[in-house]
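Read the structure below first, then the notes.
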Amino acid sequence: MITVRNLTKTFQEGELITKVLKGIDLDINTGEFVAIMGRSGAGKSTVLYQVSLLDHPTGGSIMIDDVEVTALSTTERTQYRLNNLGYVFQDYALIPELTAKENVALPLLMQGMSKDKAYKKAIEVLASIGLQDRADHLPAKLSGGQQQRVSIARAVAHEPKILFADEPTANLDSESGQMVMNLFQDLHKKGQTIVMVTHEEEYGKLADRIVRLSDGQVVQ
Amino acid sequence: MKPLIELERVSKIYMGDGFETKALVDATLTVNKGEFVAIMGPSGSGKSTLLHVLGLLDRHTLGKYLLSGKNVEYLSDDELANLRNEKLGFVFQSFNLLAKESVYENVKLPLFYSEVPKKDWEARVNDAIASVRLEHRKDYLVQKLSGGEKQRVAIARALVCNPEVIFADEPTGNLDSVSGQAVMDTLRDLHDKGATILLITHEPNTARNAERIIRIKDGLVVGDEKVIDRAKKGEAVK
């Protein structure tokens, strides 16, 4: 369960101060699939970055289960992220000289798992999303949709508590976008908590709940 | 001494929808250990295809490619992946770093895939960071760095397994001229210490940092000469 209270984020560049988040309250239950939506500039990615510990909020608190993650030290945050959170980005962020299997194994290796075990697990995860025959392919040999599915496999290989996705379909055609969303729904059915930012209404509707942001505040 | 890289009439042909595209045709060349070679050509000339073939990121279609005397044609996908991880380092235009991790963690990454014993990792990472002069940024998150610094992190990462060749594909493509120059100076320093570097670029001034330029046009090697007016370190690249 994620509990966000009075979350604020202010960016300062020289004299210019921009309040991007103006006091966000948000509860997300374990196992829930939540879409965060809003216009460009509404603050939806900024919320995701704060809640997923990729950025430090200016104020407010974030609890994940019993841990006040906003109170962790930098090292503790990094460790928390590695062990408990998974990420999918718009641009896949795969490493081009590593095969699909090697890319998926990365978070496991970073956790300290041995290479053999990590590769075995990576192949299992790729098989579970129908990409076992692509395990030895380099990203450049895969379509955009396949690359995004590999990046989702990488994000869930270590069985994170929460999967965060920032505009995961934005670079994809509608067929590949739909496949990515089917994959999210499958993961959700198996109990995965998912928090996804999207600006595409049809994909937002596939979530259990839509949180709408406008001008740095939750409006719905 | 045997050359590090030997290509003999190597071609790369892409098949698609009933017609074939020859991206690389009958390329014959050798690169010796310790050389700094630029591969130059316009967009679509086949220079990236050549880099992909040389870097074992793609298989060639015809001809013979020996890397350290080993014919790569007969290697399985796994063997190719191991060779890439153990012997080759890559630097791309778009950095491809993990933005939310520190410089140290990013540079460490290739070691996970290598056979380097864990007890040596810390020293390896620190050495690689020192050789691109980013000791003062070691604990910074990559997202806080400038573009030029990010590319130097990518170079340190490419170095950390002591590769036999470093492939740099348009490493200054996303950088302003000052940062681009710093990146080229870093590659020059590494070369001075003995690294073999293959640089892909379409910019003549960037290419002049190498000792030798191979020119590619329409998939053909059309030139291969020593650089006479080699750029000075610190000279603007754009």
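Just remember, in the structure tokens the first chain shown is A, the second B, etc., residues are 1-based per chain, and ligands are 1-based in the order shown.
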
- prompt: What's the 12 Å shell around Lys190 in chain A, counting only C-alpha atoms, without same-chain residues fewer than 2 positions away, as a list in words?
  reply: Thr30, Gly31, Glu32, Phe33, Val156, Glu159, Leu183, Phe184, Gln185, Asp186, Leu187, His188, Gln192, Thr193 and Ile194 of chain A

- request: Could you list the residues in chain B lying within 10 Å of chain A, using only C-alpha atoms, and format the result as a PyMOL selection string?
  value: chain B and resi 52+55-58+76-78+80-82+84-85+88-92+95-102+105+108-115

message: Which residue is closest to Ala154 in chain B? Choose from B:Asn205, B:Ser48, B:Asn71, B:Gln93 and count only C-alpha atoms.
response: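 Smallest separation from Ala154 in chain B among the options: B:Gln93.
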
Near Thr61 in chain B, within 12 Å and counting only C-alpha atoms, which residues show up once chain neighbours fewer than 6 positions away are dropped, as a short mmCIF file (atom, residue, chain, number, x, y, z; two decimals) with N, CA and C atoms, in the first residue's frame?
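Written file, around02.cif:
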```cif
data_model
loop_
_atom_site.label_atom_id
_atom_site.label_comp_id
_atom_site.auth_asym_id
_atom_site.auth_seq_id
_atom_site.Cartn_x
_atom_site.Cartn_y
_atom_site.Cartn_z
N ARG B 9 36.93 -9.60 -47.70
CA ARG B 9 35.75 -9.55 -48.58
C ARG B 9 34.45 -9.79 -47.83
N VAL B 10 34.25 -8.98 -46.80
CA VAL B 10 33.07 -9.15 -45.95
C VAL B 10 31.91 -8.31 -46.50
N SER B 11 30.77 -8.96 -46.65
CA SER B 11 29.56 -8.24 -47.09
C SER B 11 28.44 -8.47 -46.09
N LYS B 12 27.55 -7.49 -46.03
CA LYS B 12 26.35 -7.63 -45.22
C LYS B 12 25.16 -7.32 -46.11
N ILE B 13 24.30 -8.30 -46.29
CA ILE B 13 23.15 -8.13 -47.17
C ILE B 13 21.89 -8.32 -46.34
N TYR B 14 21.00 -7.35 -46.41
CA TYR B 14 19.71 -7.47 -45.73
C TYR B 14 18.67 -7.94 -46.72
N MET B 15 17.92 -8.98 -46.34
CA MET B 15 16.85 -9.46 -47.21
C MET B 15 15.54 -8.88 -46.70
N GLU B 20 17.01 -7.44 -52.02
CA GLU B 20 18.07 -7.40 -51.03
C GLU B 20 18.80 -6.07 -51.04
N THR B 21 19.24 -5.65 -49.87
CA THR B 21 20.00 -4.41 -49.74
C THR B 21 21.42 -4.76 -49.33
N LYS B 22 22.37 -4.33 -50.14
CA LYS B 22 23.77 -4.58 -49.79
C LYS B 22 24.27 -3.38 -48.97
N ALA B 23 24.33 -3.57 -47.66
CA ALA B 23 24.74 -2.46 -46.79
C ALA B 23 26.25 -2.35 -46.72
N LEU B 24 26.91 -3.48 -46.98
CA LEU B 24 28.38 -3.49 -46.94
C LEU B 24 28.83 -4.49 -48.00
N VAL B 25 29.79 -4.09 -48.84
CA VAL B 25 30.17 -4.93 -49.97
C VAL B 25 31.67 -5.18 -49.99
N ASP B 26 32.06 -6.44 -49.85
CA ASP B 26 33.45 -6.86 -50.05
C ASP B 26 34.46 -6.02 -49.28
N ALA B 27 34.18 -5.77 -48.03
CA ALA B 27 35.12 -4.96 -47.25
C ALA B 27 36.33 -5.81 -46.86
N THR B 49 26.85 -0.20 -40.29
CA THR B 49 26.82 -1.64 -40.55
C THR B 49 28.20 -2.24 -40.31
N LEU B 50 29.23 -1.55 -40.78
CA LEU B 50 30.59 -2.04 -40.58
C LEU B 50 30.90 -2.13 -39.08
N VAL B 53 29.12 -5.10 -37.57
CA VAL B 53 29.77 -6.36 -37.91
C VAL B 53 31.07 -6.51 -37.10
N VAL B 72 34.96 -15.62 -36.45
CA VAL B 72 33.76 -15.41 -35.64
C VAL B 72 32.51 -16.08 -36.24
N GLU B 73 32.64 -16.46 -37.51
CA GLU B 73 31.50 -17.05 -38.22
C GLU B 73 30.93 -18.28 -37.50
#
```

task: Please provide the set of residues having any atom within 7 Å of Phe89 in chain A, restricted to only C-alpha atoms, with same-chain residues fewer than 4 positions apart removed, written as a PyMOL selection string.
output: chain A and resi 93+165-168

May I have the residues from that selection written out with C-alpha atoms, as a compact mmCIF listing (two decimals), in the first residue's frame?
```
# COMPACT_ATOMS: atom_id res chain seq x y z
CA ALA A 93 16.29 2.14 -21.90
CA ALA A 165 5.63 2.84 -15.94
CA ASP A 166 6.10 6.28 -17.46
CA GLU A 167 4.25 6.60 -20.79
CA PRO A 168 5.14 3.01 -21.74
```

Contacts of Ile64 in chain A within 7 Å, only C-alpha atoms, excl. fewer than 4 positions in-chain, as a VMD selection string: chain A and resid 1 to 3 68 to 69

Would you mind exporting C-alpha atoms of the selected residues as a PDB file, in the first residue's frame?
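Output (again08.pdb):
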```
ATOM      1  CA  MET A   1       0.000   0.000   0.000  1.00  0.00           C
ATOM      2  CA  ILE A   2       1.265   3.459  -0.955  1.00  0.00           C
ATOM      3  CA  THR A   3       0.209   6.490   1.072  1.00  0.00           C
ATOM      4  CA  GLU A  68       8.429   6.066   5.269  1.00  0.00           C
ATOM      5  CA  VAL A  69      10.524   6.139   2.122  1.00  0.00           C
TER       6      VAL A  69
END
```

field: Filtered DSSP result for range 8-204 of chain A, state helix (DSSP H, G or I), as a PyMOL selection string
entry: chain A and resi 44-51+69-71+74-84+100-110+115-128+132-134+139-141+144-156+174-189+201-204

message: I need the residue nearest Lys226 in chain B from this list: B:Phe36, B:His136, B:Gly46, B:Asn162. Use only C-alpha atoms for the distance.
response: B:Phe36

query: Which residues come within 12 Å of Tyr74 in chain B, counting only C-alpha atoms, excluding same-chain residues fewer than 5 positions away, as number ranges by chain?
result: B: 59-60, 64-66, 79-80

Backbone-only DSSP, strand (DSSP E) members of range 5-171 of chain A, as a ChimeraX atom specification: /A:5-13,16-28,33-37,59-64,67-68,85-88,162-166

So that I have them on file, write out the residues from the current selection with N, CA and C atoms, as a tab-separated table (two decimals), in the first residue's frame.
```
chain	number	residue	atom	x	y	z
A	5	ARG	N	1.06	11.88	1.20
A	5	ARG	CA	0.40	12.98	1.91
A	5	ARG	C	1.09	14.32	1.64
A	6	ASN	N	0.27	15.26	1.17
A	6	ASN	CA	0.71	16.64	0.97
A	6	ASN	C	2.04	16.75	0.22
A	7	LEU	N	2.15	15.98	-0.83
A	7	LEU	CA	3.40	15.93	-1.61
A	7	LEU	C	3.56	17.20	-2.44
A	8	THR	N	4.71	17.84	-2.27
A	8	THR	CA	4.99	19.04	-3.09
A	8	THR	C	6.34	18.88	-3.79
A	9	LYS	N	6.43	19.52	-4.95
A	9	LYS	CA	7.70	19.54	-5.66
A	9	LYS	C	7.84	20.89	-6.35
A	10	THR	N	8.93	21.54	-6.06
A	10	THR	CA	9.19	22.85	-6.62
A	10	THR	C	10.52	22.81	-7.34
A	11	PHE	N	10.54	23.30	-8.57
A	11	PHE	CA	11.80	23.37	-9.30
A	11	PHE	C	12.25	24.82	-9.33
A	12	GLN	N	13.55	25.01	-9.13
A	12	GLN	CA	14.08	26.36	-9.18
A	12	GLN	C	15.20	26.43	-10.20
A	13	GLU	N	15.05	27.39	-11.11
A	13	GLU	CA	16.13	27.60	-12.07
A	13	GLU	C	16.44	29.09	-12.06
A	16	LEU	N	13.70	31.78	-11.33
A	16	LEU	CA	12.41	31.23	-11.68
A	16	LEU	C	12.06	30.03	-10.80
A	17	ILE	N	10.95	30.16	-10.08
A	17	ILE	CA	10.51	29.06	-9.22
A	17	ILE	C	9.21	28.50	-9.78
A	18	THR	N	9.19	27.19	-10.03
A	18	THR	CA	7.98	26.57	-10.57
A	18	THR	C	7.46	25.53	-9.60
A	19	LYS	N	6.22	25.73	-9.12
A	19	LYS	CA	5.60	24.74	-8.25
A	19	LYS	C	4.88	23.72	-9.11
A	20	VAL	N	5.47	22.54	-9.25
A	20	VAL	CA	4.90	21.53	-10.15
A	20	VAL	C	3.85	20.70	-9.42
A	21	LEU	N	4.14	20.34	-8.17
A	21	LEU	CA	3.15	19.61	-7.37
A	21	LEU	C	2.77	20.46	-6.17
A	22	LYS	N	1.44	20.62	-5.98
A	22	LYS	CA	0.97	21.57	-4.97
A	22	LYS	C	0.20	20.89	-3.86
A	23	GLY	N	0.74	19.80	-3.33
A	23	GLY	CA	0.05	19.13	-2.22
A	23	GLY	C	-0.81	17.99	-2.71
A	24	ILE	N	-0.17	16.88	-3.03
A	24	ILE	CA	-0.88	15.71	-3.56
A	24	ILE	C	-1.15	14.73	-2.42
A	25	ASP	N	-2.40	14.27	-2.31
A	25	ASP	CA	-2.76	13.15	-1.43
A	25	ASP	C	-3.21	12.00	-2.31
A	26	LEU	N	-2.70	10.82	-2.02
A	26	LEU	CA	-2.98	9.70	-2.90
A	26	LEU	C	-2.81	8.40	-2.13
A	27	ASP	N	-3.77	7.48	-2.28
A	27	ASP	CA	-3.62	6.15	-1.68
A	27	ASP	C	-3.72	5.12	-2.79
A	28	ILE	N	-2.77	4.21	-2.82
A	28	ILE	CA	-2.82	3.13	-3.80
A	28	ILE	C	-2.71	1.81	-3.04
A	33	PHE	N	-4.09	-1.45	-9.96
A	33	PHE	CA	-3.50	-0.95	-11.20
A	33	PHE	C	-4.06	0.46	-11.39
A	34	VAL	N	-3.19	1.45	-11.20
A	34	VAL	CA	-3.64	2.84	-11.23
A	34	VAL	C	-3.00	3.57	-12.41
A	35	ALA	N	-3.82	4.31	-13.14
A	35	ALA	CA	-3.30	5.15	-14.21
A	35	ALA	C	-3.31	6.60	-13.74
A	36	ILE	N	-2.21	7.29	-13.91
A	36	ILE	CA	-2.15	8.72	-13.60
A	36	ILE	C	-2.24	9.45	-14.93
A	37	MET	N	-3.28	10.30	-15.02
A	37	MET	CA	-3.50	10.98	-16.29
A	37	MET	C	-3.59	12.48	-16.08
A	59	GLY	N	8.44	18.57	-0.36
A	59	GLY	CA	7.77	18.42	0.93
A	59	GLY	C	6.76	17.29	0.90
A	60	GLY	N	6.25	16.93	2.07
A	60	GLY	CA	5.25	15.88	2.16
A	60	GLY	C	5.87	14.53	2.47
A	61	SER	N	5.02	13.51	2.56
A	61	SER	CA	5.56	12.19	2.90
A	61	SER	C	5.00	11.11	2.00
A	62	ILE	N	5.80	10.08	1.81
A	62	ILE	CA	5.40	8.89	1.05
A	62	ILE	C	5.70	7.67	1.90
A	63	MET	N	4.65	6.88	2.16
A	63	MET	CA	4.84	5.62	2.88
A	63	MET	C	4.58	4.49	1.89
A	64	ILE	N	5.47	3.51	1.87
A	64	ILE	CA	5.19	2.28	1.12
A	64	ILE	C	5.16	1.15	2.15
A	67	VAL	N	7.09	1.54	5.53
A	67	VAL	CA	8.34	2.30	5.45
A	67	VAL	C	8.06	3.72	4.97
A	68	GLU	N	8.52	4.69	5.75
A	68	GLU	CA	8.43	6.07	5.27
A	68	GLU	C	9.63	6.30	4.36
A	85	LEU	N	11.28	-2.05	-6.23
A	85	LEU	CA	10.59	-1.30	-7.27
A	85	LEU	C	11.09	-1.70	-8.66
A	86	GLY	N	10.19	-1.62	-9.64
A	86	GLY	CA	10.56	-1.88	-11.02
A	86	GLY	C	10.12	-0.72	-11.89
A	87	TYR	N	10.84	-0.49	-12.98
A	87	TYR	CA	10.57	0.69	-13.81
A	87	TYR	C	10.50	0.34	-15.30
A	88	VAL	N	9.54	0.96	-15.95
A	88	VAL	CA	9.46	0.89	-17.41
A	88	VAL	C	9.38	2.32	-17.93
A	162	ILE	N	6.14	-2.93	-6.49
A	162	ILE	CA	5.40	-1.99	-7.35
A	162	ILE	C	6.13	-1.85	-8.67
A	163	LEU	N	5.33	-1.86	-9.75
A	163	LEU	CA	5.87	-1.61	-11.08
A	163	LEU	C	5.45	-0.21	-11.51
A	164	PHE	N	6.42	0.64	-11.80
A	164	PHE	CA	6.12	2.00	-12.27
A	164	PHE	C	6.38	2.08	-13.78
A	165	ALA	N	5.46	2.71	-14.49
A	165	ALA	CA	5.63	2.84	-15.94
A	165	ALA	C	5.32	4.27	-16.36
A	166	ASP	N	6.27	4.89	-17.03
A	166	ASP	CA	6.10	6.28	-17.46
A	166	ASP	C	5.87	6.30	-18.97
```

- prompt: Any idea what the distance is between CA of Val195 in chain A and CA of Ala118 in chain A?
  reply: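 That distance, rounded to one decimal, is 25.6 Å.
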
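Residues lying within 10 Å of Gly173 in chain B, counting only C-alpha atoms and ignoring same-chain neighbours fewer than 2 positions away, are B:Phe92, B:Gln93, B:Ser94, B:Asp169, B:Glu170, B:Pro171, B:Leu175, B:Asp176, B:Ser177, B:Gly180, B:Thr201, B:His202, B:Glu203, B:Thr206.
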
message: Restricting the calculation to only C-alpha atoms: of B:Ala210, B:Ala123, B:Val178, B:Leu83, which residue gets closest to Asp192 in chain B?
response: B:Ala210
